[in-house]
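J.: Compact mmCIF, C-alpha atoms, saved as start.txt, coming up:
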# COMPACT_ATOMS: atom_id res chain seq x y z
CA MET S 1 -230.77 54.51 68.74
CA THR S 2 -233.20 55.09 71.56
CA HIS S 3 -234.76 58.48 72.23
CA LEU S 4 -232.52 61.12 73.70
CA ASP S 5 -232.41 61.64 77.40
CA GLU S 6 -234.55 64.66 78.18
CA GLU S 7 -231.72 66.30 80.07
CA VAL S 8 -229.71 66.26 76.85
CA LEU S 9 -232.63 67.92 75.08
CA ALA S 10 -232.99 70.46 77.88
CA GLN S 11 -229.32 71.40 77.73
CA TRP S 12 -229.60 71.69 73.96
CA ALA S 13 -232.60 73.99 74.28
CA LEU S 14 -230.81 76.12 76.89
CA ASP S 15 -227.46 76.42 75.12
CA ASP S 16 -228.63 76.27 71.54
CA VAL S 17 -225.50 74.22 70.87
CA GLU S 18 -225.87 70.84 69.20
CA PRO S 19 -224.78 67.89 71.29
CA GLU S 20 -222.66 65.08 69.88
CA PRO S 21 -223.33 64.10 66.24
CA ASP S 22 -225.10 60.85 67.14
CA ALA S 23 -227.68 62.73 69.13
CA ALA S 24 -228.17 65.33 66.42
CA ASP S 25 -228.59 62.57 63.82
CA HIS S 26 -231.19 60.88 65.93
CA VAL S 27 -233.22 64.05 66.40
CA ALA S 28 -233.05 64.76 62.65
CA THR S 29 -235.03 61.59 62.02
CA CYS S 30 -237.16 61.34 65.16
CA PRO S 31 -240.38 63.39 65.23
CA GLN S 32 -240.88 62.63 68.91
CA CYS S 33 -237.51 64.06 69.98
CA GLN S 34 -237.96 66.97 67.57
CA ALA S 35 -241.25 67.85 69.21
CA ALA S 36 -239.77 67.55 72.69
CA LEU S 37 -236.84 69.78 71.73
CA ALA S 38 -239.12 72.34 70.09
CA GLU S 39 -241.28 72.47 73.20
CA LEU S 40 -238.27 73.09 75.44
CA ARG S 41 -236.94 75.75 73.08
CA ASP S 42 -240.29 77.56 73.11
CA LEU S 43 -240.30 77.39 76.88
CA SER S 44 -236.77 78.74 77.04
CA ALA S 45 -237.72 81.62 74.71
CA ASP S 46 -240.83 82.40 76.77
CA LEU S 47 -238.75 82.41 79.95
CA ARG S 48 -236.56 85.14 78.51
CA GLU S 49 -239.66 87.27 77.96
CA ALA S 50 -241.44 86.33 81.19
CA PRO S 51 -242.24 89.34 83.37
CA ALA S 52 -241.25 89.50 87.02
CA LEU S 53 -244.30 88.93 89.19
CA SER S 54 -245.79 91.81 91.16
CA THR S 55 -247.53 91.42 94.50
CA PRO S 56 -250.80 93.28 95.01
CA PRO S 57 -250.83 95.61 98.03
CA ALA S 58 -252.18 93.99 101.21
CA ASP S 59 -255.34 96.07 101.23
CA VAL S 60 -256.64 94.35 98.07
CA TRP S 61 -257.35 91.27 100.17
CA THR S 62 -259.00 93.43 102.81
CA ARG S 63 -261.21 94.97 100.14
CA ILE S 64 -262.20 91.49 98.91
CA THR S 65 -263.16 90.24 102.37
CA THR S 66 -265.06 93.45 103.04
CA GLU S 67 -266.97 93.26 99.77
CA LEU S 68 -267.82 89.59 100.34
CA ASP S 69 -268.54 90.15 104.04
CA LEU S 70 -266.34 87.24 105.10
CA THR S 71 -265.28 86.24 108.58
CA PRO S 72 -261.76 87.60 109.05
CA THR S 73 -260.60 84.74 111.29
CA THR S 74 -261.10 82.04 108.66
CA THR S 75 -259.86 84.07 105.76
CA ASP S 76 -256.56 85.34 106.95
CA PRO S 77 -254.53 85.20 103.71
CA GLY S 78 -251.32 84.43 105.53
CA SER S 79 -252.60 81.61 107.68
CA SER S 80 -252.46 78.08 106.52
CA SER S 81 -253.18 74.97 108.45
CA PRO S 82 -250.58 72.26 108.30
CA ARG S 83 -251.11 69.85 105.45
CA SER S 84 -252.80 66.63 106.27
CA GLY S 85 -251.37 63.39 104.99
CA SER S 86 -253.38 63.51 101.80
CA THR S 87 -251.61 63.80 98.49
CA GLY S 88 -252.91 64.33 95.01
CA GLY S 89 -251.43 67.73 94.31
CA GLY S 90 -248.90 66.42 91.86
CA GLU S 91 -245.28 67.35 92.10
CA ALA S 92 -245.86 70.70 93.75
CA GLY S 93 -248.05 69.19 96.42
CA VAL S 94 -245.62 66.42 97.14
CA GLY S 95 -242.82 68.95 97.43
CA ARG S 96 -244.71 70.90 100.00
CA GLY S 97 -245.60 67.78 101.90
CA ARG S 98 -241.96 66.85 102.07
CA ARG S 99 -241.03 70.31 103.17
CA TYR S 100 -243.51 70.18 105.98
CA GLY S 101 -242.84 66.61 106.91
CA ARG S 102 -239.10 66.74 107.23
CA GLY S 103 -237.29 68.72 109.77
CA MET S 104 -240.26 70.81 110.78
CA LEU S 105 -240.58 69.45 114.29
CA THR S 106 -236.92 69.90 114.98
CA LEU S 107 -237.11 73.37 113.57
CA ALA S 108 -240.14 74.13 115.71
CA ALA S 109 -238.18 73.04 118.73
CA SER S 110 -235.22 75.16 117.80
CA VAL S 111 -237.37 78.22 117.15
CA ALA S 112 -239.15 77.69 120.45
CA ALA S 113 -235.85 77.36 122.23
CA ILE S 114 -234.57 80.54 120.67
CA LEU S 115 -237.72 82.45 121.50
CA GLY S 116 -237.65 81.01 125.00
CA ILE S 117 -234.16 82.01 125.92
CA GLY S 118 -234.32 85.23 124.01
CA VAL S 119 -231.15 84.71 122.04
CA GLY S 120 -230.92 85.86 118.48
CA LEU S 121 -233.79 88.27 118.56
CA GLY S 122 -232.39 91.26 116.79
CA ALA S 123 -233.12 94.61 118.22
CA ALA S 124 -235.24 96.45 115.72
CA ALA S 125 -234.72 100.11 115.21
CA LEU S 126 -237.95 101.55 113.92
CA PHE S 127 -237.56 104.15 111.24
CA GLY S 128 -233.82 103.74 111.40
CA GLY S 129 -233.31 104.62 107.73
CA ASP S 130 -229.59 105.35 107.76
CA GLY S 131 -227.91 104.71 104.47
CA GLN S 132 -231.18 104.49 102.59
CA SER S 133 -232.19 106.70 99.74
CA PRO S 134 -234.74 109.22 100.92
CA THR S 135 -237.30 107.97 98.40
CA ASN S 136 -237.20 104.47 99.81
CA PRO S 137 -237.04 104.70 103.59
CA PRO S 138 -237.27 101.42 105.47
CA VAL S 139 -240.32 100.81 107.62
CA ALA S 140 -238.10 98.92 110.05
CA VAL S 141 -234.50 97.81 110.33
CA VAL S 142 -233.93 94.34 111.73
CA GLN S 143 -230.49 93.49 113.10
CA LEU S 144 -229.43 89.97 112.18
CA GLU S 145 -227.45 88.36 114.99
CA PRO S 146 -225.43 85.14 114.87
CA LEU S 147 -226.91 82.04 116.46
CA PRO S 148 -224.90 80.40 119.26
CA GLY S 149 -221.68 79.01 117.83
CA LYS S 150 -222.03 80.87 114.51
CA THR S 151 -220.38 83.96 113.20
CA GLY S 152 -221.75 86.68 110.98
CA SER S 153 -224.15 89.58 111.21
CA GLY S 154 -226.29 91.71 109.00
CA THR S 155 -229.35 93.86 108.60
CA ALA S 156 -232.72 93.33 107.00
CA ASP S 157 -234.50 96.54 106.05
CA LEU S 158 -238.22 96.31 105.60
CA ILE S 159 -238.98 98.55 102.61
CA GLN S 160 -241.78 99.24 100.15
CA ALA S 161 -244.43 99.56 102.86
CA GLY S 162 -243.28 96.26 104.29
CA ASN S 163 -243.54 94.31 101.04
CA GLU S 164 -239.82 93.85 100.54
CA LEU S 165 -236.77 93.02 102.57
CA GLN S 166 -233.37 94.45 101.70
CA VAL S 167 -230.81 92.17 103.28
CA SER S 168 -227.08 92.57 103.64
CA VAL S 169 -224.79 90.36 105.65
CA THR S 170 -221.17 90.28 106.63
CA GLY S 171 -218.92 87.54 107.91
CA LEU S 172 -220.70 84.71 106.04
CA THR S 173 -217.80 82.90 104.46
CA ALA S 174 -218.71 79.25 103.92
CA GLN S 175 -216.57 77.57 101.29
CA SER S 176 -219.30 75.26 100.06
CA GLY S 177 -223.07 75.33 99.90
CA TYR S 178 -225.14 78.49 99.57
CA TYR S 179 -227.04 80.84 101.84
CA GLU S 180 -230.81 80.94 101.76
CA LEU S 181 -233.13 83.53 103.27
CA TRP S 182 -236.27 82.37 105.08
CA LEU S 183 -239.19 83.93 106.87
CA ILE S 184 -240.18 81.72 109.77
CA ASN S 185 -243.50 82.03 111.54
CA SER S 186 -243.22 82.69 115.25
CA ASP S 187 -245.41 79.62 115.78
CA GLY S 188 -242.40 77.56 114.72
CA GLN S 189 -244.64 75.57 112.38
CA ARG S 190 -244.39 77.37 109.07
CA MET S 191 -241.73 78.95 106.95
CA VAL S 192 -241.27 80.44 103.54
CA SER S 193 -238.11 80.52 101.48
CA LEU S 194 -237.47 83.98 100.07
CA GLY S 195 -234.53 82.90 97.93
CA VAL S 196 -230.81 82.50 97.68
CA LEU S 197 -228.80 85.18 99.44
CA ASP S 198 -225.53 86.32 97.97
CA PRO S 199 -223.31 87.05 100.98
CA ALA S 200 -221.17 89.43 98.92
CA ARG S 201 -223.82 92.03 98.13
CA PRO S 202 -227.16 93.34 99.40
CA GLY S 203 -230.20 91.55 98.02
CA THR S 204 -233.82 92.61 97.78
CA PHE S 205 -236.50 90.00 98.44
CA VAL S 206 -240.23 90.29 97.94
CA ILE S 207 -242.32 89.23 100.92
CA PRO S 208 -245.25 87.23 99.54
CA ALA S 209 -248.75 88.47 100.33
CA ASP S 210 -249.08 89.92 103.80
CA LEU S 211 -247.02 87.36 105.63
CA THR S 212 -245.42 89.53 108.29
CA SER S 213 -248.74 90.47 109.82
CA GLN S 214 -249.57 86.76 109.96
CA GLY S 215 -246.64 85.98 112.18
CA TYR S 216 -243.89 85.33 109.64
CA ARG S 217 -241.56 87.66 111.45
CA ILE S 218 -238.33 85.74 111.99
CA VAL S 219 -235.76 86.57 109.32
CA ASP S 220 -233.44 83.60 109.06
CA VAL S 221 -230.34 82.97 106.96
CA SER S 222 -229.38 79.32 106.60
CA LEU S 223 -226.41 77.59 105.06
CA GLU S 224 -227.72 74.99 102.62
CA PRO S 225 -225.61 72.08 101.40
CA ASN S 226 -225.63 71.27 97.67
CA ASP S 227 -227.69 68.15 98.25
CA GLY S 228 -230.73 68.99 96.15
CA ASN S 229 -232.95 68.83 99.21
CA PRO S 230 -235.21 71.91 99.22
CA VAL S 231 -236.07 71.84 102.92
CA HIS S 232 -234.37 74.08 105.45
CA SER S 233 -231.02 72.59 106.38
CA ARG S 234 -231.58 73.50 110.04
CA ASP S 235 -228.18 75.11 109.88
CA SER S 236 -229.23 78.67 110.66
CA ILE S 237 -226.45 81.25 110.82
CA VAL S 238 -228.01 84.62 111.62
CA ARG S 239 -231.48 85.69 112.64
CA GLY S 240 -233.56 88.65 113.58
CA THR S 241 -237.21 89.41 114.22
CA ILE S 242 -239.36 91.94 112.44
CA PRO S 243 -241.04 94.11 115.08
CA GLY S 244 -244.79 93.71 115.46
CA MET M 1 -242.82 82.88 96.20
CA THR M 2 -242.11 79.31 96.87
CA SER M 3 -244.28 76.93 98.75
CA ILE M 4 -245.42 77.82 102.20
CA ALA M 5 -244.92 74.83 104.38
CA GLY M 6 -248.27 73.23 104.99
CA ASP M 7 -250.20 75.10 102.34
CA PRO M 8 -252.71 72.94 100.49
CA SER M 9 -252.00 71.82 96.95
CA PRO M 10 -253.77 73.56 94.05
CA ALA M 11 -256.13 70.58 93.73
CA GLU M 12 -257.00 70.75 97.42
CA ILE M 13 -257.60 74.49 97.20
CA ALA M 14 -259.86 73.92 94.19
CA ILE M 15 -262.00 71.35 96.01
CA GLY M 16 -262.37 73.53 99.10
CA PHE M 17 -263.16 76.54 96.93
CA ALA M 18 -265.93 74.68 95.11
CA GLU M 19 -267.32 73.60 98.48
CA GLY M 20 -267.48 77.23 99.54
CA ARG M 21 -264.83 77.08 102.23
CA GLU M 22 -263.63 80.57 103.05
CA ASP M 23 -260.15 79.38 104.02
CA SER M 24 -259.85 77.96 100.51
CA LEU M 25 -260.66 81.37 99.04
CA ALA M 26 -257.84 82.78 101.18
CA ALA M 27 -255.56 79.97 99.99
CA ALA M 28 -256.57 80.65 96.37
CA TYR M 29 -255.75 84.32 96.88
CA ARG M 30 -252.36 83.44 98.33
CA ARG M 31 -251.68 81.10 95.46
CA TRP M 32 -252.95 83.10 92.48
CA SER M 33 -253.28 86.79 93.37
CA ARG M 34 -249.79 87.59 92.08
CA LEU M 35 -250.55 85.93 88.76
CA VAL M 36 -253.84 87.84 88.37
CA TYR M 37 -252.34 91.13 89.52
CA THR M 38 -249.27 90.83 87.29
CA LEU M 39 -251.41 90.02 84.27
CA ALA M 40 -253.61 93.03 84.99
CA ILE M 41 -250.76 95.45 85.58
CA ARG M 42 -248.95 94.27 82.43
CA VAL M 43 -251.96 94.90 80.21
CA LEU M 44 -253.49 97.90 81.93
CA GLY M 45 -250.22 99.58 82.90
CA ASP M 46 -251.87 101.12 85.91
CA GLN M 47 -251.51 99.94 89.47
CA HIS M 48 -254.85 101.29 90.62
CA ASP M 49 -256.76 99.59 87.78
CA ALA M 50 -254.83 96.36 88.37
CA GLU M 51 -255.81 96.41 92.05
CA ASP M 52 -259.46 96.90 91.12
CA VAL M 53 -259.33 94.05 88.60
CA THR M 54 -257.67 91.74 91.14
CA GLN M 55 -260.40 92.52 93.64
CA GLN M 56 -263.11 91.95 91.01
CA VAL M 57 -261.63 88.63 89.89
CA PHE M 58 -261.63 87.07 93.36
CA VAL M 59 -265.00 88.57 94.31
CA SER M 60 -266.71 87.36 91.15
CA ALA M 61 -264.97 83.98 91.26
CA TRP M 62 -266.24 83.45 94.78
CA ARG M 63 -269.77 84.56 93.91
CA SER M 64 -269.93 82.29 90.89
CA ARG M 65 -268.11 79.35 92.44
CA GLU M 66 -271.06 77.04 91.61
CA LYS M 67 -269.94 77.36 87.99
CA PHE M 68 -266.50 76.04 88.83
CA ASP M 69 -266.15 72.29 88.60
CA PRO M 70 -262.90 71.08 90.18
CA ALA M 71 -263.24 67.83 88.22
CA SER M 72 -263.15 69.55 84.85
CA GLY M 73 -260.38 72.11 85.18
CA ALA M 74 -257.74 73.75 87.30
CA LEU M 75 -258.72 76.68 89.51
CA GLY M 76 -255.70 78.71 88.38
CA SER M 77 -256.79 78.51 84.75
CA TRP M 78 -260.37 79.36 85.67
CA LEU M 79 -259.25 82.45 87.62
CA THR M 80 -257.00 83.44 84.72
CA GLY M 81 -260.02 83.23 82.40
CA ILE M 82 -262.04 85.51 84.69
CA ALA M 83 -259.07 87.88 84.87
CA ARG M 84 -258.95 88.13 81.07
CA HIS M 85 -262.63 89.04 80.98
CA ARG M 86 -262.28 91.67 83.69
CA ILE M 87 -259.22 93.15 82.00
CA ALA M 88 -261.07 93.24 78.67
CA ASP M 89 -264.01 94.98 80.40
CA ARG M 90 -261.66 97.59 81.82
CA LEU M 91 -260.04 98.16 78.43
CA GLU M 92 -263.45 98.48 76.79
CA ALA M 93 -264.48 101.07 79.37
CA ARG M 94 -261.29 102.99 78.72
CA SER M 95 -261.74 102.90 75.00
CA ARG M 96 -265.33 104.12 75.38
CA ASP M 97 -264.03 107.02 77.39
CA ARG M 98 -261.39 107.73 74.77
CA ARG M 99 -263.90 107.58 71.94
CA ASN M 100 -266.12 109.98 73.82
CA ALA M 101 -263.22 112.28 74.41
CA ALA M 102 -261.68 112.04 70.95
CA ALA M 103 -262.72 114.22 68.10
CA VAL M 104 -264.85 112.53 65.48
CA GLY M 105 -262.75 110.74 62.89
CA GLU M 106 -259.59 110.78 64.92
CA GLN M 107 -257.64 107.54 64.64
CA LEU M 108 -257.11 105.70 67.86
CA ALA M 109 -254.36 103.18 68.43
CA PRO M 110 -255.66 99.65 68.98
CA PRO M 111 -255.83 98.88 72.70
CA PRO M 112 -253.56 96.25 74.24
CA VAL M 113 -255.00 92.85 75.05
CA ALA M 114 -254.26 90.02 77.45
CA ASP M 115 -253.24 87.71 74.63
CA ASP M 116 -252.39 84.05 74.98
CA GLN M 117 -248.68 84.73 74.82
CA LEU M 118 -248.73 87.17 77.70
CA VAL M 119 -250.91 84.82 79.75
CA ASP M 120 -248.47 81.99 79.05
CA ARG M 121 -245.52 84.08 80.10
CA VAL M 122 -247.10 85.30 83.31
CA MET M 123 -248.11 81.73 84.19
CA LEU M 124 -244.55 80.70 83.49
CA ALA M 125 -243.22 83.42 85.78
CA ASP M 126 -245.68 82.23 88.42
CA GLU M 127 -244.42 78.66 88.16
CA LEU M 128 -240.81 79.80 88.13
CA ASP M 129 -241.53 81.55 91.39
CA ARG M 130 -242.48 78.24 92.95
CA ILE M 131 -239.52 76.16 91.95
CA ASP M 132 -237.36 75.05 94.82
CA GLU M 133 -234.07 76.75 95.52
CA PRO M 134 -231.41 76.94 94.26
CA ARG M 135 -233.04 76.26 90.88
CA ARG M 136 -235.29 79.29 91.14
CA THR M 137 -232.40 81.67 91.62
CA ILE M 138 -230.28 79.94 88.96
CA LEU M 139 -233.06 80.19 86.36
CA ARG M 140 -233.80 83.77 87.33
CA LEU M 141 -230.17 84.80 86.95
CA ALA M 142 -229.93 82.96 83.63
CA PHE M 143 -233.16 84.25 82.13
CA TYR M 144 -233.98 87.53 83.84
CA GLU M 145 -230.45 88.81 84.22
CA ASP M 146 -228.90 87.04 81.22
CA GLN M 147 -226.00 85.74 83.25
CA THR M 148 -223.79 82.97 81.93
CA TYR M 149 -223.42 79.69 83.80
CA PRO M 150 -219.86 80.54 84.92
CA GLN M 151 -221.10 83.90 86.26
CA ILE M 152 -223.92 82.20 88.14
CA ALA M 153 -221.57 79.55 89.50
CA GLU M 154 -219.24 82.21 90.82
CA ARG M 155 -221.98 84.34 92.27
CA LEU M 156 -223.68 81.45 94.09
CA ASN M 157 -220.47 79.69 94.99
CA LEU M 158 -221.66 76.50 93.29
CA PRO M 159 -219.73 74.19 90.95
CA LEU M 160 -220.36 74.92 87.26
CA GLY M 161 -221.66 71.39 86.60
CA THR M 162 -224.16 71.76 89.45
CA VAL M 163 -225.45 75.04 88.03
CA LYS M 164 -225.95 73.54 84.57
CA SER M 165 -227.63 70.48 85.97
CA HIS M 166 -230.02 72.64 88.03
CA ALA M 167 -230.80 74.75 84.95
CA ARG M 168 -231.62 71.65 82.85
CA ARG M 169 -233.74 70.06 85.52
CA GLY M 170 -235.38 73.37 86.31
CA LEU M 171 -236.44 73.77 82.69
CA LEU M 172 -237.86 70.23 82.63
CA SER M 173 -239.63 70.77 85.90
CA LEU M 174 -241.20 74.00 84.59
CA ARG M 175 -242.43 72.13 81.51
CA ASP M 176 -244.03 69.47 83.71
CA ARG M 177 -245.62 72.02 86.02
CA LEU M 178 -247.14 73.92 83.11
CA LYS M 179 -248.58 70.69 81.74
CA GLU M 180 -250.15 70.09 85.12
CA VAL M 181 -251.56 73.62 85.30
CA ASN M 182 -252.96 73.41 81.79
CA SER M 183 -254.46 69.96 82.10
CA ASP M 184 -256.85 69.06 84.88
CA ALA M 185 -256.90 69.64 88.57
CA SER M 186 -255.87 66.14 89.51
Would you kindly transcribe this structure into structure tokens?
T.:
Amino acid sequence: MTHLDEEVLAQWALDDVEPEPDAADHVATCPQCQAALAELRDLSADLREAPALSTPPADVWTRITTELDLTPTTTDPGSSSPRSGSTGGGEAGVGRGRRYGRGMLTLAASVAAILGIGVGLGAAALFGGDGQSPTNPPVAVVQLEPLPGKTGSGTADLIQAGNELQVSVTGLTAQSGYYELWLINSDGQRMVSLGVLDPARPGTFVIPADLTSQGYRIVDVSLEPNDGNPVHSRDSIVRGTIPG
Amino acid sequence: MTSIAGDPSPAEIAIGFAEGREDSLAAAYRRWSRLVYTLAIRVLGDQHDAEDVTQQVFVSAWRSREKFDPASGALGSWLTGIARHRIADRLEARSRDRRNAAAVGEQLAPPPVADDQLVDRVMLADELDRIDEPRRTILRLAFYEDQTYPQIAERLNLPLGTVKSHARRGLLSLRDRLKEVNSDAS
């Protein structure tokens, strides 16, 4: 018998349930598959113990640039120039290249159009804090409005000194696919995925680094098909803009 | 966080960093500050100390960038190494203070350390954070929230088979990413 497919080993490591007897027999006598399975099991065990990542407050970067006496314009931690055509970053790099390469121009056009005609820019109520616990008042409340031809609405509360977004939506009722939350830069060139949004309950999303002050101010909820393609589907449902 | 569209790859950041490009320092901070900060806060248990350590790591990495050779190792691992030293320094300073404060002969508990296991787990969390959706959320729900596949499928409105397939491939992709991080910068 040939070596086991690594997806079989991965499922085995995840479930801790033996696959069919043939596969188990093979692994019992194959050091290579045993090692691969052991590695995946260790990884799975480590994942259970992995801590959630914390983001340092924005002023840590400011302290670094001050201590090193750097030019602020070139060292903006939220700015990033579009990737050139070069590769060499391995899987992660290729993934980013694909993300940038596909759909970005169309998206840029659609963002520009939206900014231009002023549709979909949610009115932001500063210090609106209704419904929030007094210990965690939002810095801003962004209304999420449906894009032309879409239905749904919601709010995105900027909390934790602007480091987190608490998002809740209503009227998002797609039968297939899933909703994903994005922060889009107002330059229409760059975007960050903040994660999958469950339309049935409020979700809290960490805003990486100090992105909002770098222009990542458009809060966008897209409907993503189950096609395994990580780029934005360009099917945006609701949007709003974090006030400057 | 996941990839920012257009951000350079770790290898590209490493080359720019070694060349002394300030935008590469900013990119390195974007890419690895959460890893460094999380490691520090987990060991030191104090936000203020963790902020100081994060600042020290990037400042001293930048000042000693001549010692970093992008051909011989990954920048993330190099920064993690500096972080471990800075965390150890901070712990040593604390323990000095405690010794000075403690009565002679009093037994002190051994201080925590940034051991290999913790470093591995934080690096794993960092890589998990970069996996494309919906795998990231599926793995998070499975591992951080201990949800079953049927629960995840229901919550995300995805077919059960799709959820399991994403979990399998996500695990394999994490394994490959960690190999990349732990090998060289190519």
J.: Using Å and a single decimal, report how far CA of Ala209 (chain S) sits from CA of Ala58 (chain S).
T.: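 Value for the CA of Ala58 (chain S)-CA of Ala209 (chain S) distance: 6.6 Å.
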J.: Calculated over only C-alpha atoms, which of the candidates S:Ala38, S:Ile207, S:Val17, S:Ile242 has the smallest distance to chain M?
T.: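 Counting only C-alpha atoms, the residue closest to chain M is S:Ile207.
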J.: As lines of an AutoDock Vina configuration file, what would the box around region 45-64 of chain M look like: edges along x, y and z, 8 Å added on every side, centre and edge lengths in Å to one decimal?
T.:
center_x = -260.1
center_y = 91.8
center_z = 88.8
size_x = 35.7
size_y = 35.0
size_z = 27.9
J.: Calculated over all atoms listed in the file, which of the candidates S:Ala200, S:Cys30, S:Ile159, S:Leu4 has the smallest distance to chain M?
T.: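 That would be S:Ala200, the residue with the smallest distance to chain M.
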J.: May I have the residues within 6 Å of region 166-181 of chain M as a list in words, using only C-alpha atoms and disregarding those fewer than 5 positions away in the same chain?
T.: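 So the residues in contact are Ala10 and Gln11 of chain S; Arg135 of chain M.
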J.: For the selection just defined, write its residues with C-alpha atoms to a file, as an mmCIF file, in the coordinates of the input.
T.:
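Below you can see part.cif, which holds the result:
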data_model
loop_
_atom_site.group_PDB
_atom_site.id
_atom_site.type_symbol
_atom_site.label_atom_id
_atom_site.label_comp_id
_atom_site.auth_asym_id
_atom_site.auth_seq_id
_atom_site.Cartn_x
_atom_site.Cartn_y
_atom_site.Cartn_z
ATOM 1 C CA ALA S 10 -232.990 70.460 77.880
ATOM 2 C CA GLN S 11 -229.320 71.400 77.730
ATOM 3 C CA ARG M 135 -233.040 76.260 90.880
#
J.: Give me, as a PyMOL selection string, all polymer residues having an atom no more than 9 Å from region 218-220 of chain S, counting all atoms listed in the file and skipping those fewer than 6 positions away in the same chain.
T.: chain S and resi 121+142+144+156+180-186+212+236-242
J.: Those selected residues, please, written with C-alpha atoms and delivered as a short mmCIF file (atom, residue, chain, number, x, y, z; two decimals), keeping the file's coordinate frame.
T.:
data_model
loop_
_atom_site.label_atom_id
_atom_site.label_comp_id
_atom_site.auth_asym_id
_atom_site.auth_seq_id
_atom_site.Cartn_x
_atom_site.Cartn_y
_atom_site.Cartn_z
CA LEU S 121 -233.79 88.27 118.56
CA VAL S 142 -233.93 94.34 111.73
CA LEU S 144 -229.43 89.97 112.18
CA ALA S 156 -232.72 93.33 107.00
CA GLU S 180 -230.81 80.94 101.76
CA LEU S 181 -233.13 83.53 103.27
CA TRP S 182 -236.27 82.37 105.08
CA LEU S 183 -239.19 83.93 106.87
CA ILE S 184 -240.18 81.72 109.77
CA ASN S 185 -243.50 82.03 111.54
CA SER S 186 -243.22 82.69 115.25
CA THR S 212 -245.42 89.53 108.29
CA SER S 236 -229.23 78.67 110.66
CA ILE S 237 -226.45 81.25 110.82
CA VAL S 238 -228.01 84.62 111.62
CA ARG S 239 -231.48 85.69 112.64
CA GLY S 240 -233.56 88.65 113.58
CA THR S 241 -237.21 89.41 114.22
CA ILE S 242 -239.36 91.94 112.44
#
J.: Which is closest to chain M among S:Asp5, S:Asp16, S:Asp46, S:Asp59, if we use only C-alpha atoms?
T.: S:Asp46
J.: Could you work out how far CA of Pro230 (chain S) lies from CA of Glu133 (chain M), giving the answer in Å with one decimal?
T.: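 Separating CA of Glu133 (chain M) from CA of Pro230 (chain S) is a distance of 6.2 Å.
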J.: Rounded to one decimal, what separation in Å do you get between CA of Tyr178 (chain S) and CA of Ser44 (chain S)?
T.: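 One can read the CA of Tyr178 (chain S) to CA of Ser44 (chain S) distance as 25.4 Å.
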J.: My list of candidates is M:Ala18, M:Ala71, M:Ile41, M:Ala26. Which is closest to chain S when distances are computed with all atoms listed in the file?
T.: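 Closest candidate: M:Ala26.
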J.: Between S:Val221, S:Ala45, S:Val8, S:Leu194, which residue has the minimum interatomic distance to Glu145 (chain S), considering only C-alpha atoms?
T.: S:Val221
J.: Residues at most 10 Å from Arg90 (chain M), counting only C-alpha atoms, excluding those fewer than 3 positions away in the same chain, as a PyMOL selection string?
T.: chain M and resi 40+44+49-50+52-53+84-87+93-96
